[in-house]
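Report on the following structure.
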Amino acid sequence: MSDEKLYDLEQLNAIAAGNEDFVIKMVNMFLEMTPGLVGRIEAGLQTQDWTEVRSAAHKMKPSVDMMGVKSLHDVVRAIEGNAKTESNLEQIPELYFKLSETLDNVYEQLRNR
Amino acid sequence: MPDNFSVFVVEDDEFYSEVLEYHLSLNPDITVTKFTNAKEFLNNLDKNPDAITLDYSLPDMSGEEVLKKIKEYNSEIPVVMISGQEDIKTAIALLKDGAYDYIVKDEDTKDRIWNAIKNIREKEGLKKEISELKQQVKKKYDFTTSIIGNSPSMKKVFAMIEKAVKSNITVSVTGETGTGKEIVAKSIHYNSPRGKKPFVAVNITAIPSELVESELFGHEKGAFTGASARRIGKFEEAGDGTIFLDEIGEMDINMQSKLLRVLQERELTRVGGSGLVKVKCRVLSATHKDMAEEVRKGNFREDLYYRLLGLPITLPPLRERGNDTLVLAKHFIDEYAEENDMGRLKLSSKAQNKLFKYPWPGNIRELKAVVELCCVMTDSDVIEEEHITFNSTGSIDTLLQNEMSLEEYKNRIVKHYLDKYSNDVVNVAKRLDIGKSTIYRMLQERLV
């Protein structure tokens with residue numbers, strides 16, 4: 001596991017304007033919601049259901065952006081874009097792997113923050 | 001601005017709607033209600049939110065459909081569409097369908113939504129204010145309350161106003177100064193179907209005669225020295241509403257022919273311009289002059305006279321309105337007392353008599369001024385005879401309007417002198433060149 005900090009709560013803190021409860025609430029929400037979305041992408045990949053992949057990736061964008069996971073900014077969008085146009089589909093598994101691995105580290109870091 | 005502003009956030013992404021709710025709720029006046037699907041939201045639409053943010057891709061219905069349903073329910077509710085993708089075509093289609101704004105989800109979405117909601121709040125506040133003011137204006141010019149009088153001559157006026165309100169006919173109002181010609185014009189306008197459109201009043205005597213044309217019809221930039229920009233005239237300003245030409249009898253004869261042309265063609269040309277502008281407003285006019293007489297003397301064009309005559313409403317002078325003088329006096333006393341927190345004021349019977357007998361050359365305007373002065377002069381809650389002072393300008397005309405007998409005039413004149421010289425009979429007799437005994441006799445017989 002890398003020591004590099006994978007998330008950045010600057011934007012969330014800016015919105016919270018000092019309300020730590022809100023920050024905790026949003027972080028918890030991210031931790032609860034995101035694994036389900038990752039699961040949907042994985043399931044979609046297995047059944048070649050690109051609509052499902054696109055929809056799950058689409059829903060992931062705001063939370064990934066809000067948590068400041070900059071390394072995934074383009075990854076999520078690439079998954080969504082490729083699934084939408086059904087082009088470069090061969091890249092998706094690799095992108096998925098990067099997504100899933102990074103997120104596992106992000107969960108870990110957020111829990112121990 | 002409305003204090004409590006309810007925003008419905010319709011968004012299937014819980015994470016995103018949570019952020020939106022939190023961000024909007026930073027303003028304590030805003031109440032946010034969240035919905036994650038279209039069905040649940042539409043079932044709650046009857047709670048009448050002040051604004052809606054609507055996610056374009058909801059699980060159970062497309063953004064267009066939801067927007068359509070909102071607009072069918074109430075086209076006034078502002079809807080901010082939020083979409084995951086930037087799609088110009090969709091954006092334009094949605095805006096055409098009545099969306100207030102189209103915002104793409106990205107880093108600064110929340111600020112844009114914040115601004116959109118802020119603008120909506122300001123707009124709604126202004127809209128409410130305008131509709132309240134319009135109501136107030138309408139109430140103010142409800143002629144059953146703004147025009148007061150029970151005399152037979154006023155009943156006739158009311159009947160005519162009612163006819164004028166129902167039709168679209170040109171109306172000419174005549175009456176002495178201070179009889180309320182402008183109030184009649186406003187009452188006609190605000191109670192007519194044009195009531196919500198502009199009412200533009202122009203007093204011809206208030207404009208230098210060489211500027212009347214540009215004032216009425218507007219001018220183009222550079223039309224004359226000082227015309228530094230294009231300016232629309234009063235006719236254009238009135239739009240689909242009403243233009244009120246006050247003191248039309250004072251209009252210069254050259255201008256009369258220009259006005260006639262515009263009224264005949266229903267179109268005008270701005271001074272210095274060449275394009276034609278349609279005239280759609282209703283025309284009301286007023287004058288204190290006897291227009292038929294002005295036409296005979298050649299001061300007013302006959303064709304314009306008939307063009308403006310339409311439904312003629314003649315306002316009777318106050319002295320011919322019998323008991324209305326007292327009804328109006330009481331009304332103005334109550335109004336003044338209320339505006340100045342003075343409590344109820346009464347007129348003594350002698351004071352009533354004094355008001356009743358006075359010929360009121362300045363009509364209601366003068367009555368109002370005199371009565372308000374009374375309210376200030378009295379120290380109790382009763383207005384007595386001595387609190388009433390007339391400051392009539394054309395005193396000799398006023399006196400002659402009474403049409404009294406010579407004997408009565410004589411008594412009036414003697415009384416005036418006695419008042420003026422503190423009942424110094426010797427002095428008065430000398431000044432009027434009459435015998436002292438004549439005055440003593442008049443005093444004895446209580447004629448003066």
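Residues are referred to by chain and number: the chain letter is A, B, ... according to the order shown in the structure tokens, the number counts from 1 in that chain, and ligands are numbered separately from 1 in the order shown.
The list of residues with at least one atom within 8 Å of segment 81-88 of chain A, based on only C-alpha atoms and without residues fewer than 5 positions apart in the same chain, reads Trp50, Thr51, Val53 and Arg54 of chain A.
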Report as a tab-separated table: every residue of chain A with an atom at most 7 Å from chain B, its closest pair of atoms, and their distance in Å to one decimal, counting only C-alpha atoms, with rows sorted by chain and ascending residue number.
```
residue	atom	partner	partner_atom	distance
A:Ile15	CA	B:His23	CA	6.5
A:Met29	CA	B:Phe15	CA	6.9
A:Lys59	CA	B:Asp13	CA	6.4
A:Pro62	CA	B:Tyr16	CA	6.2
A:Ser63	CA	B:Phe15	CA	6.3
```
Test item: residues at most 9 Å from Asn4 of chain B, only C-alpha atoms, excluding those fewer than 6 positions along its chain, as JSON, numbers by chain: {"B": [28, 29, 30, 31]}
Find the spatial neighbours of Met81 of chain B, counting only C-alpha atoms, within a cut-off of 12 Å - ignore same-chain residues fewer than 6 positions away - and output them as a ChimeraX atom specification. /B:8-11,51-58,62-64,66-67,90-95,97-105,109,112-113,116-117
If I take atom CA of Val32 of chain B and atom CA of Asn44 of chain B, how far is one from the other in Å, to one decimal?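 Calculated distance between atom CA of Val32 of chain B and atom CA of Asn44 of chain B is 13.2 Å.
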Quick one: everything within 7 Å of segment 353-364 of chain B, counting only C-alpha atoms, minus sequence neighbours fewer than 3 positions away in the same chain. Send it as a VMD selection string. chain B and resid 177 to 179 317 to 319 325 to 326 349 to 350 367 to 368 385 398 402
Using DSSP on the backbone coordinates, identify all residues within segment 266-367 of chain B classified as strand (DSSP E); present the result as a VMD selection string. chain B and resid 267 to 268 277 to 278 282 to 287 311 to 314 346 to 347
Same residues, N, CA and C atoms, saved as a PDB file, in the first residue's frame:
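So the final result, stored in result-v3.pdb, reads:
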```pdb
ATOM      1  N   GLU B 267     -50.432  55.303 -36.728  1.00  0.00           N
ATOM      2  CA  GLU B 267     -48.991  55.073 -36.742  1.00  0.00           C
ATOM      3  C   GLU B 267     -48.277  56.412 -36.723  1.00  0.00           C
ATOM      4  N   LEU B 268     -47.045  56.387 -36.208  1.00  0.00           N
ATOM      5  CA  LEU B 268     -46.309  57.640 -36.082  1.00  0.00           C
ATOM      6  C   LEU B 268     -44.884  57.483 -36.574  1.00  0.00           C
ATOM      7  N   VAL B 277     -44.084  53.638 -36.741  1.00  0.00           N
ATOM      8  CA  VAL B 277     -44.304  52.890 -35.503  1.00  0.00           C
ATOM      9  C   VAL B 277     -45.809  52.798 -35.280  1.00  0.00           C
ATOM     10  N   LYS B 278     -46.301  51.575 -35.044  1.00  0.00           N
ATOM     11  CA  LYS B 278     -47.743  51.399 -34.839  1.00  0.00           C
ATOM     12  C   LYS B 278     -48.187  52.008 -33.510  1.00  0.00           C
ATOM     13  N   ARG B 282     -54.860  53.322 -26.185  1.00  0.00           N
ATOM     14  CA  ARG B 282     -56.138  54.015 -26.138  1.00  0.00           C
ATOM     15  C   ARG B 282     -55.863  55.473 -25.809  1.00  0.00           C
ATOM     16  N   VAL B 283     -56.693  56.368 -26.360  1.00  0.00           N
ATOM     17  CA  VAL B 283     -56.445  57.785 -26.139  1.00  0.00           C
ATOM     18  C   VAL B 283     -57.561  58.404 -25.295  1.00  0.00           C
ATOM     19  N   LEU B 284     -57.157  58.978 -24.167  1.00  0.00           N
ATOM     20  CA  LEU B 284     -58.089  59.747 -23.341  1.00  0.00           C
ATOM     21  C   LEU B 284     -57.566  61.189 -23.335  1.00  0.00           C
ATOM     22  N   SER B 285     -58.471  62.149 -23.349  1.00  0.00           N
ATOM     23  CA  SER B 285     -57.998  63.527 -23.286  1.00  0.00           C
ATOM     24  C   SER B 285     -58.851  64.303 -22.304  1.00  0.00           C
ATOM     25  N   ALA B 286     -58.325  65.445 -21.888  1.00  0.00           N
ATOM     26  CA  ALA B 286     -59.073  66.274 -20.953  1.00  0.00           C
ATOM     27  C   ALA B 286     -58.754  67.736 -21.183  1.00  0.00           C
ATOM     28  N   THR B 287     -59.689  68.595 -20.835  1.00  0.00           N
ATOM     29  CA  THR B 287     -59.451  70.026 -20.913  1.00  0.00           C
ATOM     30  C   THR B 287     -60.437  70.740 -19.995  1.00  0.00           C
ATOM     31  N   LEU B 311     -66.464  59.449 -26.302  1.00  0.00           N
ATOM     32  CA  LEU B 311     -67.460  59.479 -25.237  1.00  0.00           C
ATOM     33  C   LEU B 311     -67.137  60.684 -24.364  1.00  0.00           C
ATOM     34  N   PRO B 312     -67.946  61.743 -24.413  1.00  0.00           N
ATOM     35  CA  PRO B 312     -67.610  62.909 -23.613  1.00  0.00           C
ATOM     36  C   PRO B 312     -68.124  62.771 -22.172  1.00  0.00           C
ATOM     37  N   ILE B 313     -67.246  63.014 -21.236  1.00  0.00           N
ATOM     38  CA  ILE B 313     -67.653  62.994 -19.833  1.00  0.00           C
ATOM     39  C   ILE B 313     -67.444  64.396 -19.279  1.00  0.00           C
ATOM     40  N   THR B 314     -68.506  65.016 -18.789  1.00  0.00           N
ATOM     41  CA  THR B 314     -68.386  66.358 -18.243  1.00  0.00           C
ATOM     42  C   THR B 314     -68.465  66.296 -16.728  1.00  0.00           C
ATOM     43  N   LYS B 346     -64.577  66.550  13.762  1.00  0.00           N
ATOM     44  CA  LYS B 346     -65.940  66.848  13.294  1.00  0.00           C
ATOM     45  C   LYS B 346     -66.043  68.287  12.817  1.00  0.00           C
ATOM     46  N   LEU B 347     -67.006  68.527  11.930  1.00  0.00           N
ATOM     47  CA  LEU B 347     -67.272  69.879  11.459  1.00  0.00           C
ATOM     48  C   LEU B 347     -68.465  70.419  12.235  1.00  0.00           C
TER      49      LEU B 347
END
```
So that I can see what lies close to Asn28 of chain A, please list as a list of chain:residue names the residues with an atom at most 10 Å from it, counting only C-alpha atoms and leaving out residues fewer than 6 positions away in the same chain.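 Here the qualifying residues turn out to be A:Phe22, A:Tyr107, A:Leu110, A:Arg111.
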Limited to N, CA and C atoms, could you put the picked residues into a file as a JSON list (two decimals), in the first residue's frame?
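The resulting file, part_11.json, is shown below:
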```
[["chain", "number", "residue", "atom", "x", "y", "z"],
["A", 22, "PHE", "N", -20.60, 17.67, 8.90],
["A", 22, "PHE", "CA", -20.97, 17.48, 7.51],
["A", 22, "PHE", "C", -19.87, 16.73, 6.76],
["A", 107, "TYR", "N", -10.30, 4.11, 0.68],
["A", 107, "TYR", "CA", -11.13, 3.73, 1.83],
["A", 107, "TYR", "C", -10.27, 3.64, 3.08],
["A", 110, "LEU", "N", -9.04, 6.99, 4.29],
["A", 110, "LEU", "CA", -10.12, 7.80, 4.85],
["A", 110, "LEU", "C", -10.52, 7.29, 6.24],
["A", 111, "ARG", "N", -10.55, 5.96, 6.40],
["A", 111, "ARG", "CA", -10.92, 5.39, 7.70],
["A", 111, "ARG", "C", -9.90, 5.76, 8.77]]
```
Would you kindly return, as a PyMOL selection string, each protein, DNA or RNA residue with an atom no farther than 8 Å from any atom of Asn191 of chain B, considering only C-alpha atoms and excluding same-chain residues fewer than 5 positions away? chain B and resi 138+141-142+165
Could you write out, as a PyMOL selection string, all the residues of chain A that DSSP marks as alpha helix (DSSP H)? chain A and resi 10-16+20-47+50-66+73-85+92-111
